[in-house]
Amino acid sequence: MQERANNIVPSDSDSKFRKLTLLREKSKVSGGKDKILSQHNKGKLTARERIDLLIDEDSFVEIDELVIHQKSGFNMQKNRPIGDGVIIGYGTISGRQVFLYSQDFTVFGGSLGNAHAKKICKIMDLAFKNGCPVIGILDSGGARIQEGIDSLAGYGDIFYRNVKASGVIPQISVILGPCAGGAVYSPALTDFILMNQTNSFMFVTGPEVVKAVTGEDVTFYELGGSDVHSSQSGVCHQVGETEEETLDLTKKLLSYIPSNNLDEPPSSTGKISTISLKNQSKIIPEKDNEPYDMKKIIETTVDSESFFELQSNWAKNMIVGFGRLNGSSIGLIANQPLFLGGAIDSHASDKAARFIRFCDSFNLPIITFVDVPGFLPGIKQEHDGIIRHGAKLLYAYSEATIPKISVIIRKAYGGAYIVMSSKHLGCDINFAWPTAEIAVMGAEGACKILYRQKLKTSENPEAVLSDFITDYKNEFSNPYKAAELGYVDKVILPEETRREISAALQMLQNKRERTPSRKHGIMPV
Ligand code: HXC
C-alpha cells in the first residue's frame, strides 16, 4: 500500500515533502543550537522540553509552526526565525484536552511581536471556542523592541482575550523565565500563576528604572522573584523548586478544575481514603485563645492527601485551596488561628474573595471552616482600606450561587462571623462544633465594655470581671443560641464533620439559584 502511494506521486513531490520535513526540523531549533545551549547553561529548559513535560506523551499537536514575522528595519528582514519565538498547539493532560503556548527564549529572547502575539491569540480563541483550559508558559523579554507599537498592540489583543475568557475557561500562567513590563498583565488576568523558584521573575518596572526613579538598588529576584510574589505581593499561587516540579504542580492544579464553566468538576477515580477522624476533637486546645493548625481539620475532613493549598505563604491567616470529598472537587476556605489569631485583614479578604469567585465561576462547591476573632484592628489596616477589601469578601460570598457549606469550629465574632459564609450571606448549610462561640465579640472585651462602671467601682475588679466573663460565656460563647434561631442548621461533633458535609453536598448537587438580570454588579475592587 505504501509503495503504491509513493508510486503515484510525481517525482518532484519528493523534494516538496523534503522541504516540509526540513522546515519542521528547522523550526525545532529556530533560535539556533548555541542559544539552546545557553538556555540550558542558565539551568532552564527549552520551550519544547517544557511542553514535553506538561503534555501527555505523543498528544501534542503543534500549529502555526511555520509562522514568521513580516517586519523590516533593525535588520529584521534578514532574521525571520521559523515560529517567531512561541510554540502553540493542543494536546491532553491526563487525557483532558488543553490548549497552550510556550514562549521560546532562544528566539529574540521570547519577546512578543505581532506574529508571536497573533499565534497566542489564535490558541486562546481555539481554547475559548472549544471550552478547554489555556495554559501559557512564559519566558520572555517582553514587548519586542524592534516592532514598536505593533508589539504593544499584540499585548492588548491578548489582554482583551484574557478578560473575555475569564470565568468561561480556566487560564493558567506558568512563569519560567523573565516576565517584565506590561507583559505581566496577561498572567495577572489569568486565574492562576505558577512560578519556578530559581529563574522566574515578574515586575512592571525593572531594577534600572527603579534605581533611576527611587534610587533603590535591587536585583531582578529581590524585585520580582518567586519568594516575593508568593509571600508578599500575593501574585503567585504556587512555586515549584524546579521547572519539572512547577509543571507537575500545573498538572495537579488542573486535576481539580473543570474544563469550562458549563462542565462538571473532574472526579477522582482513584482510591479514596481519609485520615483518621478519631482525634479530630483533640486538635482544638482547651484554652480558647490558644492557637492550633486549622489545616489539620481540613486534612482530616477531605479525602486523604487531596488538599492542595494555594498561596500558602501569603496572607497566612486565611487558607484557600482545593480538595476532594468522596472523589469530587471542592474549594476550601478557612481562617488560620496560627497567624494573627485568624483575624481577617486586607490581604486575607482579597485572597479569599478571589478564590470564591473562581469556585463560583467553575461550579466548585465551597466549604468554609470558621475560627475568626474579627477584622484585624489597627491604624495600618484602616488606612490601607480594610473597609474596601473586607467588602470584597462579603460581596464574593453573597454573590456566589454554588453550594456553600460552613463549619464554625471555634470563634465567630462580630462582622467576621457574618462575612465567613454565614447563613445571612446565603450559605446553604451552616454547621457548628460544640466548641463554637458565636457572639458580637469575645467575652473579655464585651464584659469590659458592658460593665465598665461596675468594674471601676469594684473593690476586686479582677474577680468581678472573671464572674462576668463566666456568665457571658455561658450565655453567648456557644453555638446553641445560633442553633435556636436557625442561623446554624446543625451542631455536630468533630468526627461527624466529613459525613455531614458529604451528605450536605449530596443534597445540594442540583442546587439552582437564579440571580437578577443585570449587566454585572459593581464589586468593590
Ligand atoms: C527584543 C529582546 C528583548 C526585547 C531580550 N531580547 N529582550 N529582543 N525585544 N524586549 C533579546 C536580546 O537582545 C538578546 O538577543 C536575547 O533576547 C537574550 O537576551 P539577553 O539580555 O542576552 O538575556 P538575559 O541576560 O538572560 O536577560 C534577559 C532579560 C533582558 C532580563 C529579559 O534581555 C532584558 O532586560 N530585556 C529587556 C526587558 C524589557 O525591558 N522588556 C521590555 C519591557 S516593556 P541576542 O540576539 O543578543 O541573543 C514591555 C511593555 C509591554 O514589555 C507593554 C504591554 C502593555
# chains A, B, ... in the order shown; residues from 1 in each chain; ligands from 1
call {"tool": "residues_near_ligand", "arguments": {"ligand": "ligand 1", "cutoff": "10 Å", "atoms": "only C-alpha atoms and all ligand atoms", "output": "CSV table (one decimal) with N, CA and C atoms, in the first residue's frame"}}
result
chain,number,residue,atom,x,y,z
A,31,GLY,N,16.0,29.2,17.0
A,31,GLY,CA,16.8,30.2,17.6
A,31,GLY,C,18.3,29.8,17.5
A,32,GLY,N,18.6,28.6,17.1
A,32,GLY,CA,20.0,28.2,16.9
A,32,GLY,C,20.4,27.3,18.1
A,34,ASP,N,23.3,27.2,19.5
A,34,ASP,CA,24.1,27.9,20.6
A,34,ASP,C,23.1,28.5,21.6
A,35,LYS,N,22.0,29.0,21.1
A,35,LYS,CA,21.0,29.6,22.1
A,35,LYS,C,20.4,28.6,23.0
A,38,SER,N,22.9,27.9,25.6
A,38,SER,CA,22.9,29.0,26.5
A,38,SER,C,21.7,28.9,27.5
A,39,GLN,N,20.5,28.5,26.9
A,39,GLN,CA,19.3,28.3,27.8
A,39,GLN,C,19.6,27.2,28.8
A,42,LYS,N,21.9,28.2,31.6
A,42,LYS,CA,21.2,29.1,32.6
A,42,LYS,C,20.4,28.2,33.6
A,105,PHE,N,12.6,31.4,24.5
A,105,PHE,CA,13.6,32.5,24.8
A,105,PHE,C,14.7,32.5,23.9
A,106,THR,N,14.9,31.4,23.1
A,106,THR,CA,16.1,31.3,22.2
A,106,THR,C,15.9,32.1,21.0
A,107,VAL,N,14.6,32.6,20.8
A,107,VAL,CA,14.3,33.4,19.6
A,107,VAL,C,14.0,34.9,20.1
A,108,PHE,N,14.8,35.8,19.8
A,108,PHE,CA,14.6,37.2,20.2
A,108,PHE,C,14.3,37.3,21.7
A,109,GLY,N,14.9,36.4,22.5
A,109,GLY,CA,14.6,36.4,24.0
A,109,GLY,C,13.1,36.2,24.3
A,110,GLY,N,12.4,35.5,23.4
A,110,GLY,CA,11.0,35.2,23.7
A,110,GLY,C,10.1,36.4,23.6
A,111,SER,N,10.7,37.5,23.0
A,111,SER,CA,10.0,38.8,23.0
A,111,SER,C,8.8,38.7,22.1
A,112,LEU,N,7.8,39.5,22.4
A,112,LEU,CA,6.5,39.4,21.7
A,112,LEU,C,6.3,40.5,20.7
A,113,GLY,N,6.3,40.0,19.4
A,113,GLY,CA,6.0,40.9,18.3
A,113,GLY,C,4.6,40.6,17.8
A,139,ASP,N,8.3,33.0,29.1
A,139,ASP,CA,9.8,33.1,29.3
A,139,ASP,C,10.2,34.1,28.2
A,140,SER,N,10.1,35.4,28.6
A,140,SER,CA,10.1,36.4,27.5
A,140,SER,C,10.7,37.8,28.0
A,141,GLY,N,11.4,38.4,27.1
A,141,GLY,CA,11.9,39.8,27.4
A,141,GLY,C,10.9,40.9,27.3
A,142,GLY,N,9.6,40.5,27.0
A,142,GLY,CA,8.6,41.5,26.9
A,142,GLY,C,8.3,41.9,25.5
A,143,ALA,N,7.8,43.2,25.4
A,143,ALA,CA,7.5,43.7,24.0
A,143,ALA,C,8.7,43.7,23.1
A,144,ARG,N,8.6,43.2,21.9
A,144,ARG,CA,9.8,43.1,21.0
A,144,ARG,C,10.1,44.6,20.6
A,145,ILE,N,11.2,45.0,21.0
A,145,ILE,CA,11.6,46.4,20.9
A,145,ILE,C,11.6,46.8,19.4
A,146,GLN,N,12.0,46.0,18.5
A,146,GLN,CA,12.1,46.3,17.1
A,146,GLN,C,10.7,46.5,16.5
A,147,GLU,N,9.7,46.0,17.1
A,147,GLU,CA,8.4,46.0,16.4
A,147,GLU,C,7.5,47.2,17.0
A,148,GLY,N,8.1,47.9,17.9
A,148,GLY,CA,7.4,49.1,18.4
A,148,GLY,C,5.9,48.9,18.8
A,149,ILE,N,5.1,49.8,18.4
A,149,ILE,CA,3.7,49.8,18.8
A,149,ILE,C,3.0,48.5,18.4
A,151,SER,N,4.0,45.5,18.8
A,151,SER,CA,4.1,44.5,19.9
A,151,SER,C,3.2,44.9,21.0
A,152,LEU,N,3.0,46.3,21.3
A,152,LEU,CA,2.1,46.7,22.3
A,152,LEU,C,0.7,46.3,21.9
A,153,ALA,N,0.3,46.5,20.6
A,153,ALA,CA,-1.0,46.1,20.1
A,153,ALA,C,-1.2,44.6,20.4
A,154,GLY,N,-0.2,43.8,20.2
A,154,GLY,CA,-0.3,42.4,20.4
A,154,GLY,C,-0.6,42.1,21.9
A,155,TYR,N,0.0,42.8,22.8
A,155,TYR,CA,-0.3,42.6,24.2
A,155,TYR,C,-1.8,42.9,24.5
A,156,GLY,N,-2.2,44.0,23.9
A,156,GLY,CA,-3.6,44.5,24.1
A,156,GLY,C,-4.5,43.4,23.6
A,157,ASP,N,-4.3,42.8,22.5
A,157,ASP,CA,-5.1,41.8,21.9
A,157,ASP,C,-5.2,40.5,22.9
A,158,ILE,N,-4.1,40.3,23.5
A,158,ILE,CA,-4.0,39.1,24.4
A,158,ILE,C,-4.8,39.5,25.7
A,159,PHE,N,-4.6,40.7,26.2
A,159,PHE,CA,-5.3,41.1,27.5
A,159,PHE,C,-6.8,41.0,27.3
A,177,GLY,N,10.7,32.1,33.4
A,177,GLY,CA,11.8,33.0,33.0
A,177,GLY,C,11.4,34.4,33.3
A,178,PRO,N,12.0,35.4,32.5
A,178,PRO,CA,11.5,36.8,32.7
A,178,PRO,C,10.1,37.0,32.3
A,179,CYS,N,9.4,37.9,33.0
A,179,CYS,CA,8.1,38.4,32.6
A,179,CYS,C,8.1,39.8,33.1
A,180,ALA,N,8.4,40.7,32.2
A,180,ALA,CA,8.6,42.1,32.6
A,180,ALA,C,7.7,43.1,31.9
A,181,GLY,N,7.6,44.3,32.5
A,181,GLY,CA,6.8,45.4,31.9
A,181,GLY,C,5.3,45.0,31.9
A,182,GLY,N,4.6,45.6,31.0
A,182,GLY,CA,3.2,45.4,30.9
A,182,GLY,C,2.9,43.9,30.6
A,183,ALA,N,3.9,43.2,30.2
A,183,ALA,CA,3.7,41.7,29.9
A,183,ALA,C,3.1,41.0,31.1
A,184,VAL,N,3.4,41.5,32.3
A,184,VAL,CA,2.9,40.8,33.5
A,184,VAL,C,1.4,40.8,33.6
A,185,TYR,N,0.7,41.7,32.8
A,185,TYR,CA,-0.7,41.8,33.0
A,185,TYR,C,-1.5,40.7,32.3
A,186,SER,N,-0.9,40.0,31.4
A,186,SER,CA,-1.7,38.8,30.9
A,186,SER,C,-1.7,37.7,32.0
A,199,ASN,N,14.5,30.7,38.6
A,199,ASN,CA,14.7,31.5,37.4
A,199,ASN,C,13.5,32.2,36.8
A,201,PHE,N,10.9,35.6,37.2
A,201,PHE,CA,10.7,36.9,37.9
A,201,PHE,C,9.7,37.7,37.1
A,203,PHE,N,8.0,41.7,37.1
A,203,PHE,CA,7.8,43.1,37.6
A,203,PHE,C,7.4,44.0,36.5
A,204,VAL,N,6.7,45.1,36.9
A,204,VAL,CA,6.2,46.1,35.9
A,204,VAL,C,7.4,47.0,35.5
A,205,THR,N,8.2,47.5,36.4
A,205,THR,CA,9.4,48.3,36.1
A,205,THR,C,10.6,47.6,36.7
A,206,GLY,N,11.6,47.4,35.9
A,206,GLY,CA,12.8,46.7,36.3
A,206,GLY,C,13.7,47.4,37.2
A,207,PRO,N,14.8,46.7,37.7
A,207,PRO,CA,15.7,47.4,38.6
A,207,PRO,C,16.3,48.7,38.1
A,208,GLU,N,16.6,48.8,36.8
A,208,GLU,CA,17.2,50.0,36.3
A,208,GLU,C,16.3,51.2,36.5
A,209,VAL,N,15.0,51.0,36.1
A,209,VAL,CA,14.0,52.1,36.3
A,209,VAL,C,13.8,52.4,37.7
A,220,PHE,N,16.9,41.6,40.1
A,220,PHE,CA,15.7,41.0,39.5
A,220,PHE,C,14.9,40.2,40.4
call {"tool": "residues_around", "arguments": {"residues": "region 338-350 of chain A", "least_positions_apart": "3", "cutoff": "6 Å", "atoms": "only C-alpha atoms", "output": "count of residues only"}}
result
16
call {"tool": "select_by_dssp", "arguments": {"residues": "region 101-310 of chain A", "states": "alpha helix (DSSP H)", "output": "ChimeraX atom specification"}}
result
/A:114-130,149-165,185-189,207-214,220-224,226-231,243-254,294-301
call {"tool": "select_by_dssp", "arguments": {"residues": "region 206-328 of chain A", "states": "strand (DSSP E or B)", "output": "list in words"}}
result
Gly225, Gln238, Val239, Gly240, Ser267, Phe308, Glu309, Leu310, Met318, Ile319, Val320, Gly321, Phe322, Gly323, Arg324, Leu325 and Ser328 of chain A
call {"tool": "closest_residue", "arguments": {"among": "A:Asn196, A:Ser230, A:Ser281, A:Ser27", "to": "Ile409 (chain A)", "atoms": "only C-alpha atoms"}}
result
A:Ser281
call {"tool": "residues_around", "arguments": {"residues": "Ser273 (chain A)", "least_positions_apart": "3", "cutoff": "10 Å", "atoms": "only C-alpha atoms", "output": "ChimeraX atom specification"}}
result
/A:270,276,302-306,325-327
call {"tool": "atom_distance", "arguments": {"atom1": "CA of Thr300 (chain A)", "atom2": "CA of Val370 (chain A)"}}
result
15.4 Å
call {"tool": "closest_residue", "arguments": {"among": "A:Phe355, A:Tyr101, A:Trp314, A:Tyr451", "to": "Ala47 (chain A)", "atoms": "only C-alpha atoms"}}
result
A:Tyr101
call {"tool": "atom_distance", "arguments": {"atom1": "CA of Ile405 (chain A)", "atom2": "CA of Ile367 (chain A)"}}
result
4.9 Å
call {"tool": "closest_residue", "arguments": {"among": "A:Ile272, A:Ile319, A:Ala188, A:Val174", "to": "Asn162 (chain A)", "atoms": "only C-alpha atoms"}}
result
A:Ala188
call {"tool": "closest_residue", "arguments": {"among": "A:Val320, A:Ile438, A:Tyr472, A:Pro403", "to": "Gln506 (chain A)", "atoms": "only C-alpha atoms"}}
result
A:Pro403
call {"tool": "atom_distance", "arguments": {"atom1": "CA of Phe60 (chain A)", "atom2": "CA of Asn130 (chain A)"}}
result
16.3 Å
call {"tool": "closest_residue", "arguments": {"among": "A:Gln238, A:Gln280, A:Thr246, A:Asn460", "to": "Leu493 (chain A)", "atoms": "only C-alpha atoms"}}
result
A:Gln280
